[in-house]
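Raw data-v6.pdb, PDB, C-alpha atoms:
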ATOM      1  CA  MET A   1     186.037 146.032  44.862
ATOM      2  CA  ASN A   2     184.868 142.453  44.263
ATOM      3  CA  ASP A   3     182.567 143.256  41.353
ATOM      4  CA  SER A   4     183.585 141.289  38.266
ATOM      5  CA  LEU A   5     185.086 143.034  35.290
ATOM      6  CA  SER A   6     186.412 141.838  31.950
ATOM      7  CA  LEU A   7     190.021 142.548  31.032
ATOM      8  CA  VAL A   8     191.306 141.384  27.623
ATOM      9  CA  GLY A   9     188.871 138.502  27.783
ATOM     10  CA  LEU A  10     189.643 137.571  31.383
ATOM     11  CA  VAL A  11     187.138 137.865  34.203
ATOM     12  CA  THR A  12     188.715 139.489  37.249
ATOM     13  CA  THR A  13     187.939 142.036  39.963
ATOM     14  CA  PRO A  14     189.387 145.488  40.630
ATOM     15  CA  LEU A  15     190.996 144.175  43.827
ATOM     16  CA  GLU A  16     192.699 141.302  42.010
ATOM     17  CA  LEU A  17     193.911 143.714  39.335
ATOM     18  CA  ILE A  18     195.393 146.075  41.937
ATOM     19  CA  SER A  19     197.029 143.124  43.692
ATOM     20  CA  PHE A  20     198.439 141.932  40.358
ATOM     21  CA  VAL A  21     200.146 145.263  39.675
ATOM     22  CA  LEU A  22     201.536 145.643  43.210
ATOM     23  CA  ALA A  23     202.913 142.098  43.256
ATOM     24  CA  ALA A  24     204.575 142.483  39.851
ATOM     25  CA  ILE A  25     206.296 145.676  41.022
ATOM     26  CA  THR A  26     207.436 143.856  44.170
ATOM     27  CA  VAL A  27     209.235 141.077  42.296
ATOM     28  CA  TRP A  28     210.767 143.485  39.788
ATOM     29  CA  LEU A  29     212.249 145.548  42.631
ATOM     30  CA  ASN A  30     213.442 142.401  44.417
ATOM     31  CA  ILE A  31     215.471 141.402  41.380
ATOM     32  CA  GLY A  32     217.287 144.716  41.553
ATOM     33  CA  GLN A  33     217.726 144.351  45.344
ATOM     34  CA  ASN A  34     215.794 147.603  45.828
ATOM     35  CA  HIS A  35     214.573 147.922  49.427
ATOM     36  CA  TRP A  36     211.342 149.638  48.302
ATOM     37  CA  ALA A  37     210.225 146.173  47.174
ATOM     38  CA  TRP A  38     209.226 145.506  50.773
ATOM     39  CA  LEU A  39     206.726 148.388  50.799
ATOM     40  CA  PHE A  40     205.019 147.031  47.688
ATOM     41  CA  SER A  41     205.141 143.556  49.214
ATOM     42  CA  ILE A  42     203.190 144.811  52.232
ATOM     43  CA  LEU A  43     200.587 146.515  50.045
ATOM     44  CA  SER A  44     200.144 143.559  47.675
ATOM     45  CA  SER A  45     199.928 141.114  50.591
ATOM     46  CA  ALA A  46     197.159 143.163  52.190
ATOM     47  CA  THR A  47     195.072 143.277  49.014
ATOM     48  CA  TYR A  48     195.731 139.652  48.058
ATOM     49  CA  ALA A  49     194.634 138.509  51.529
ATOM     50  CA  LEU A  50     191.136 139.747  50.636
ATOM     51  CA  VAL A  51     191.265 138.135  47.180
ATOM     52  CA  PHE A  52     192.308 134.743  48.544
ATOM     53  CA  PHE A  53     189.813 134.801  51.399
ATOM     54  CA  ASP A  54     187.027 135.291  48.887
ATOM     55  CA  ALA A  55     188.375 132.290  46.926
ATOM     56  CA  ARG A  56     188.462 130.125  50.095
ATOM     57  CA  LEU A  57     192.248 129.803  49.888
ATOM     58  CA  TYR A  58     192.672 130.180  53.627
ATOM     59  CA  GLY A  59     196.283 129.064  53.715
ATOM     60  CA  ASP A  60     197.138 131.763  51.201
ATOM     61  CA  THR A  61     195.056 134.273  53.146
ATOM     62  CA  GLY A  62     196.978 133.635  56.347
ATOM     63  CA  LEU A  63     200.201 133.591  54.346
ATOM     64  CA  GLN A  64     199.643 137.175  53.209
ATOM     65  CA  LEU A  65     199.313 138.306  56.823
ATOM     66  CA  VAL A  66     202.573 136.569  57.706
ATOM     67  CA  PHE A  67     204.128 138.113  54.598
ATOM     68  CA  ILE A  68     203.328 141.570  55.965
ATOM     69  CA  ALA A  69     205.240 140.807  59.163
ATOM     70  CA  LEU A  70     208.120 139.191  57.247
ATOM     71  CA  SER A  71     208.228 142.142  54.873
ATOM     72  CA  LEU A  72     208.712 144.556  57.758
ATOM     73  CA  TRP A  73     211.538 142.370  59.049
ATOM     74  CA  GLY A  74     213.019 141.941  55.556
ATOM     75  CA  TRP A  75     212.950 145.685  54.972
ATOM     76  CA  HIS A  76     214.876 146.166  58.202
ATOM     77  CA  GLN A  77     217.374 143.443  57.203
ATOM     78  CA  TRP A  78     218.071 145.002  53.818
ATOM     79  CA  LEU A  79     218.565 148.459  55.297
ATOM     80  CA  LYS A  80     220.518 147.391  58.355
ATOM     81  CA  VAL A  81     224.226 148.208  58.295
ATOM     82  CA  ARG A  82     226.523 145.473  59.595
ATOM     83  CA  VAL A  83     230.030 145.697  60.990
ATOM     84  CA  LYS A  84     232.421 143.268  59.346
ATOM     85  CA  ALA A  85     234.029 140.840  61.751
ATOM     86  CA  ASP A  86     237.546 141.488  60.417
ATOM     87  CA  SER A  87     237.401 145.282  60.274
ATOM     88  CA  ASN A  88     235.653 148.378  61.536
ATOM     89  CA  THR A  89     234.015 149.097  58.192
ATOM     90  CA  ASP A  90     230.303 148.791  57.630
ATOM     91  CA  ALA A  91     228.776 146.421  55.101
ATOM     92  CA  ALA A  92     225.260 146.033  53.790
ATOM     93  CA  LEU A  93     223.583 142.652  53.408
ATOM     94  CA  HIS A  94     224.889 140.882  50.288
ATOM     95  CA  VAL A  95     223.720 137.893  48.268
ATOM     96  CA  SER A  96     225.006 134.606  49.713
ATOM     97  CA  ARG A  97     224.244 130.885  49.611
ATOM     98  CA  LEU A  98     222.980 128.413  52.178
ATOM     99  CA  ASN A  99     225.462 125.884  53.529
ATOM    100  CA  ALA A 100     224.613 122.166  53.534
ATOM    101  CA  ARG A 101     223.183 122.246  57.049
ATOM    102  CA  ALA A 102     220.971 125.234  56.233
ATOM    103  CA  TRP A 103     219.728 123.439  53.100
ATOM    104  CA  TRP A 104     218.538 120.469  55.160
ATOM    105  CA  LEU A 105     217.004 122.692  57.798
ATOM    106  CA  SER A 106     215.149 124.646  55.116
ATOM    107  CA  ALA A 107     213.808 121.481  53.481
ATOM    108  CA  SER A 108     212.754 120.102  56.876
ATOM    109  CA  ALA A 109     210.997 123.367  57.742
ATOM    110  CA  TRP A 110     209.076 123.233  54.444
ATOM    111  CA  LEU A 111     207.987 119.646  55.114
ATOM    112  CA  ALA A 112     206.994 120.345  58.719
ATOM    113  CA  GLY A 113     205.060 123.439  57.692
ATOM    114  CA  PHE A 114     203.252 121.492  54.995
ATOM    115  CA  VAL A 115     202.171 118.718  57.366
ATOM    116  CA  ALA A 116     200.965 121.130  60.073
ATOM    117  CA  LEU A 117     199.112 123.438  57.682
ATOM    118  CA  ALA A 118     197.508 120.595  55.730
ATOM    119  CA  TRP A 119     196.155 119.110  58.962
ATOM    120  CA  PHE A 120     194.847 122.488  60.119
ATOM    121  CA  LEU A 121     193.190 123.393  56.808
ATOM    122  CA  HIS A 122     191.614 119.961  56.441
ATOM    123  CA  ARG A 123     190.269 119.888  59.985
ATOM    124  CA  TYR A 124     189.236 123.475  60.621
ATOM    125  CA  THR A 125     188.327 125.042  57.267
ATOM    126  CA  ASP A 126     186.128 124.309  54.277
ATOM    127  CA  SER A 127     189.074 124.494  51.876
ATOM    128  CA  ASP A 128     188.676 122.170  48.898
ATOM    129  CA  VAL A 129     192.452 122.102  48.261
ATOM    130  CA  PRO A 130     194.011 121.835  51.733
ATOM    131  CA  ARG A 131     197.118 119.856  50.751
ATOM    132  CA  ILE A 132     198.343 121.912  47.815
ATOM    133  CA  ASP A 133     197.372 125.119  49.618
ATOM    134  CA  ALA A 134     199.419 123.993  52.629
ATOM    135  CA  PHE A 135     202.404 122.883  50.539
ATOM    136  CA  LEU A 136     202.604 126.172  48.668
ATOM    137  CA  THR A 137     201.950 128.257  51.767
ATOM    138  CA  ALA A 138     204.826 126.565  53.606
ATOM    139  CA  GLY A 139     207.084 126.947  50.569
ATOM    140  CA  SER A 140     206.200 130.614  50.211
ATOM    141  CA  LEU A 141     207.058 131.263  53.845
ATOM    142  CA  LEU A 142     210.439 129.650  53.318
ATOM    143  CA  GLY A 143     210.994 131.640  50.131
ATOM    144  CA  GLN A 144     210.175 134.905  51.880
ATOM    145  CA  TRP A 145     212.465 134.065  54.795
ATOM    146  CA  LEU A 146     215.360 133.343  52.430
ATOM    147  CA  LEU A 147     214.604 136.504  50.440
ATOM    148  CA  ALA A 148     214.856 138.628  53.569
ATOM    149  CA  GLN A 149     218.350 137.214  54.124
ATOM    150  CA  LYS A 150     219.332 137.632  50.450
ATOM    151  CA  LYS A 151     219.975 133.918  50.047
ATOM    152  CA  LEU A 152     220.367 132.901  46.413
ATOM    153  CA  GLU A 153     218.266 129.788  47.017
ATOM    154  CA  THR A 154     215.167 131.929  47.472
ATOM    155  CA  TRP A 155     214.803 131.977  43.677
ATOM    156  CA  TYR A 156     214.876 128.168  43.410
ATOM    157  CA  VAL A 157     212.057 127.995  45.955
ATOM    158  CA  TRP A 158     210.033 130.651  44.145
ATOM    159  CA  ILE A 159     210.446 128.938  40.758
ATOM    160  CA  VAL A 160     208.947 125.711  42.131
ATOM    161  CA  VAL A 161     206.229 127.450  44.134
ATOM    162  CA  ASP A 162     205.181 129.830  41.361
ATOM    163  CA  LEU A 163     204.922 127.023  38.790
ATOM    164  CA  LEU A 164     202.572 125.086  41.054
ATOM    165  CA  TYR A 165     200.601 128.211  41.925
ATOM    166  CA  VAL A 166     199.781 128.715  38.237
ATOM    167  CA  GLY A 167     197.900 125.421  38.236
ATOM    168  CA  LEU A 168     196.173 126.126  41.542
ATOM    169  CA  TYR A 169     194.912 129.544  40.480
ATOM    170  CA  LEU A 170     193.689 128.198  37.149
ATOM    171  CA  TYR A 171     191.733 125.602  39.116
ATOM    172  CA  LYS A 172     190.286 128.336  41.366
ATOM    173  CA  SER A 173     189.401 130.502  38.324
ATOM    174  CA  LEU A 174     191.737 133.295  39.415
ATOM    175  CA  MET A 175     192.857 133.752  35.836
ATOM    176  CA  LEU A 176     194.670 137.048  36.205
ATOM    177  CA  THR A 177     196.572 135.788  39.224
ATOM    178  CA  ALA A 178     197.483 132.602  37.327
ATOM    179  CA  ILE A 179     198.970 134.770  34.570
ATOM    180  CA  LEU A 180     200.783 136.822  37.211
ATOM    181  CA  TYR A 181     202.392 133.709  38.655
ATOM    182  CA  ALA A 182     203.419 132.539  35.196
ATOM    183  CA  ILE A 183     205.153 135.914  34.858
ATOM    184  CA  PHE A 184     206.634 135.345  38.321
ATOM    185  CA  VAL A 185     208.290 132.156  37.062
ATOM    186  CA  ALA A 186     210.064 134.142  34.343
ATOM    187  CA  LEU A 187     210.953 136.882  36.831
ATOM    188  CA  ALA A 188     212.283 134.318  39.314
ATOM    189  CA  LEU A 189     214.561 132.914  36.600
ATOM    190  CA  ALA A 190     215.727 136.458  35.859
ATOM    191  CA  GLY A 191     216.203 137.077  39.580
ATOM    192  CA  LEU A 192     218.289 133.933  39.923
ATOM    193  CA  ARG A 193     220.609 135.026  37.119
ATOM    194  CA  ALA A 194     220.863 138.588  38.453
ATOM    195  CA  TRP A 195     221.683 137.430  41.994
ATOM    196  CA  GLN A 196     224.219 134.914  40.663
ATOM    197  CA  ARG A 197     225.993 137.794  38.908
ATOM    198  CA  SER A 198     225.820 139.849  42.091
ATOM    199  CA  GLU A 199     227.322 137.003  44.106
ATOM    200  CA  ARG A 200     230.155 136.498  41.602
ATOM    201  CA  SER A 201     230.967 140.220  41.665
ATOM    202  CA  LEU A 202     231.657 139.955  45.380
ATOM    203  CA  ALA A 203     233.866 136.871  45.099
TER     204      ALA A 203
END

Take the structure in the file and give it back as structure tokens.
Amino acid sequence: MNDSLSLVGLVTTPLELISFVLAAITVWLNIGQNHWAWLFSILSSATYALVFFDARLYGDTGLQLVFIALSLWGWHQWLKVRVKADSNTDAALHVSRLNARAWWLSASAWLAGFVALAWFLHRYTDSDVPRIDAFLTAGSLLGQWLLAQKKLETWYVWIVVDLLYVGLYLYKSLMLTAILYAIFVALALAGLRAWQRSERSLA
């Protein structure tokens, strides 16, 4: 699955191509708040873990494994029925925003994750991009956590992370994945607008 192939002038592998398709489906379903997105997230994370390991992006490799666990939890969160505090009626998880305290906690968690991962990757791996790998890995974990809770701010995190990932994957010659993340930026903008409309409809 790691044999090179040429696709519209780009050099890729069958595994990267499969991962590309699965990940694109995942984000598209997330925008529509479709719970089946989590199944595709699990599948794309599993295949991308192999792609990133081969590229020596160890932070991203480990991230995919964490994504699988978070996806199982997120799937449960999206399907779980809640009882409203002021009534006996059930309510599904809806789009909401972080409060000021949660914003600061989220930013602090991103920073702490970056520092810890950068130290680990620099000291214990042969990664040639430990800092940016760590920064984006920590940001992706935060984005996935917010996504599982249907927090609107997840899309702001993904816009920043995906933009930076485009540059990283170009540097690592993962051309198809770089294109995918450029598409992700556009999809994240679309997701932000769609979730904003969803939030306003509940106001």

Worksheet entry | Contacts of A:Leu29 at 12 Å (all atoms listed in the file; same-chain gap of 3+ positions) as a ChimeraX atom specification | /A:22-26,32-41,187-188,190-191,194

Discussion item. Assuming the chain letters and numbering stay as they are in my file, what does the PyMOL selection byres ((chain A and resi 95) around 8) actually select? List them as a list in words.
Written reply: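 Applying the expression gives Leu93, His94, Ser96, Arg97, Gln149, Lys150, Lys151, Leu152, Trp195, Ser198 and Glu199 of chain A.
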
Would you write out, as CSV, a table of all residues in stretch 14-97 of chain A that have an atom no more than 10 Å from an atom of stretch 116-122 of chain A, listing for each the closest atom pair and the distance in Å to one decimal, considering only C-alpha atoms and ordering rows by chain and rising residue number?
residue,atom,partner,partner_atom,distance
A:Leu57,CA,A:Leu121,CA,9.5
A:Tyr58,CA,A:Leu121,CA,7.5
A:Gly59,CA,A:Leu121,CA,7.2

List as a tab-separated table every residue of stretch 6-56 of chain A that is in contact with stretch 153-177 of chain A, defined as an atom at most 10 Å from one of its atoms (using all atoms listed in the file), together with the nearest atom pair and the distance in Å rounded to one decimal, sorted by chain and then rising number.
residue	atom	partner	partner_atom	distance
A:Leu7	CA	A:Leu176	CA	8.9
A:Leu10	CA	A:Met175	CA	6.7
A:Val11	CA	A:Met175	CA	7.2
A:Thr12	CA	A:Leu176	CA	6.5
A:Thr13	CA	A:Leu176	CA	9.2
A:Glu16	CA	A:Thr177	CA	7.3
A:Leu17	CA	A:Leu176	CA	7.4
A:Ser19	CA	A:Thr177	CA	8.6
A:Phe20	CA	A:Thr177	CA	6.5
A:Ala23	CA	A:Thr177	CA	9.8
A:Ile31	CA	A:Trp155	CA	9.7
A:Tyr48	CA	A:Thr177	CA	9.7
A:Val51	CA	A:Leu174	CA	9.2
A:Phe52	CA	A:Leu174	CA	9.3
A:Ala55	CA	A:Lys172	CA	7.1
A:Arg56	CA	A:Lys172	CA	9.1

Discussion item. Which residue is closest to A:Thr137? Choose from A:Thr47, A:Asp54, A:Gln77, A:Leu63 and count only C-alpha atoms.
Written reply: A:Leu63

Worksheet item: On this structure, which residues satisfy the PyMOL selection byres ((chain A and resi 144) around 9), written as a list in words?
Response: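 Checked against the file, the PyMOL selection byres ((chain A and resi 144) around 9) matches Phe67, Leu70, Ser71, Gly74, Gly139, Ser140, Leu141, Leu142, Gly143, Trp145, Leu146, Leu147, Ala148, Gln149, Thr154 and Trp158 of chain A.
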
Worksheet entry | Atom-to-atom span, atom CA of A:His76 and atom CA of A:Asp133, Å |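 Spanning atom CA of A:His76 to atom CA of A:Asp133 is a straight-line distance of 28.7 Å.
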
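The spacing separating atom CA of A:Ile68 from atom CA of A:Arg101 amounts to 27.7 Å.
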
For stretch 91-98 of chain A, take all atoms listed in the file, fit an axis-aligned box around them, add 3 Å to each of the six sides, then output centre and edge lengths in Å rounded to one decimal, as JSON.
{"center_x": 225.9, "center_y": 137.4, "center_z": 51.7, "size_x": 11.8, "size_y": 24.0, "size_z": 12.8}

Discussion item. Please report the interatomic distance between atom CA of A:Ile42 and atom CA of A:Ala182 in Å with one decimal.
Written reply: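 Atom CA of A:Ala182 lies 21.0 Å from atom CA of A:Ile42.
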
Worksheet item: Hey, which of A:Leu105, A:Val185, A:Val66, A:Val27 ends up closest to A:Ala49? Count all atoms listed in the file.
Response: A:Val66

Worksheet item: From the set A:Pro130, A:Ala112, A:Trp103, A:Asn30, which residue has the shortest atom-to-atom contact distance to A:Trp78, counting only C-alpha atoms?
Response: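 Closest to A:Trp78 of all the choices is A:Asn30.
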
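Comparing the minimum interatomic distances between A:Leu43 and each of A:Leu192, A:Trp28, A:Ile18, A:Asp128, counting all atoms listed in the file, we find that A:Ile18 sits nearest.
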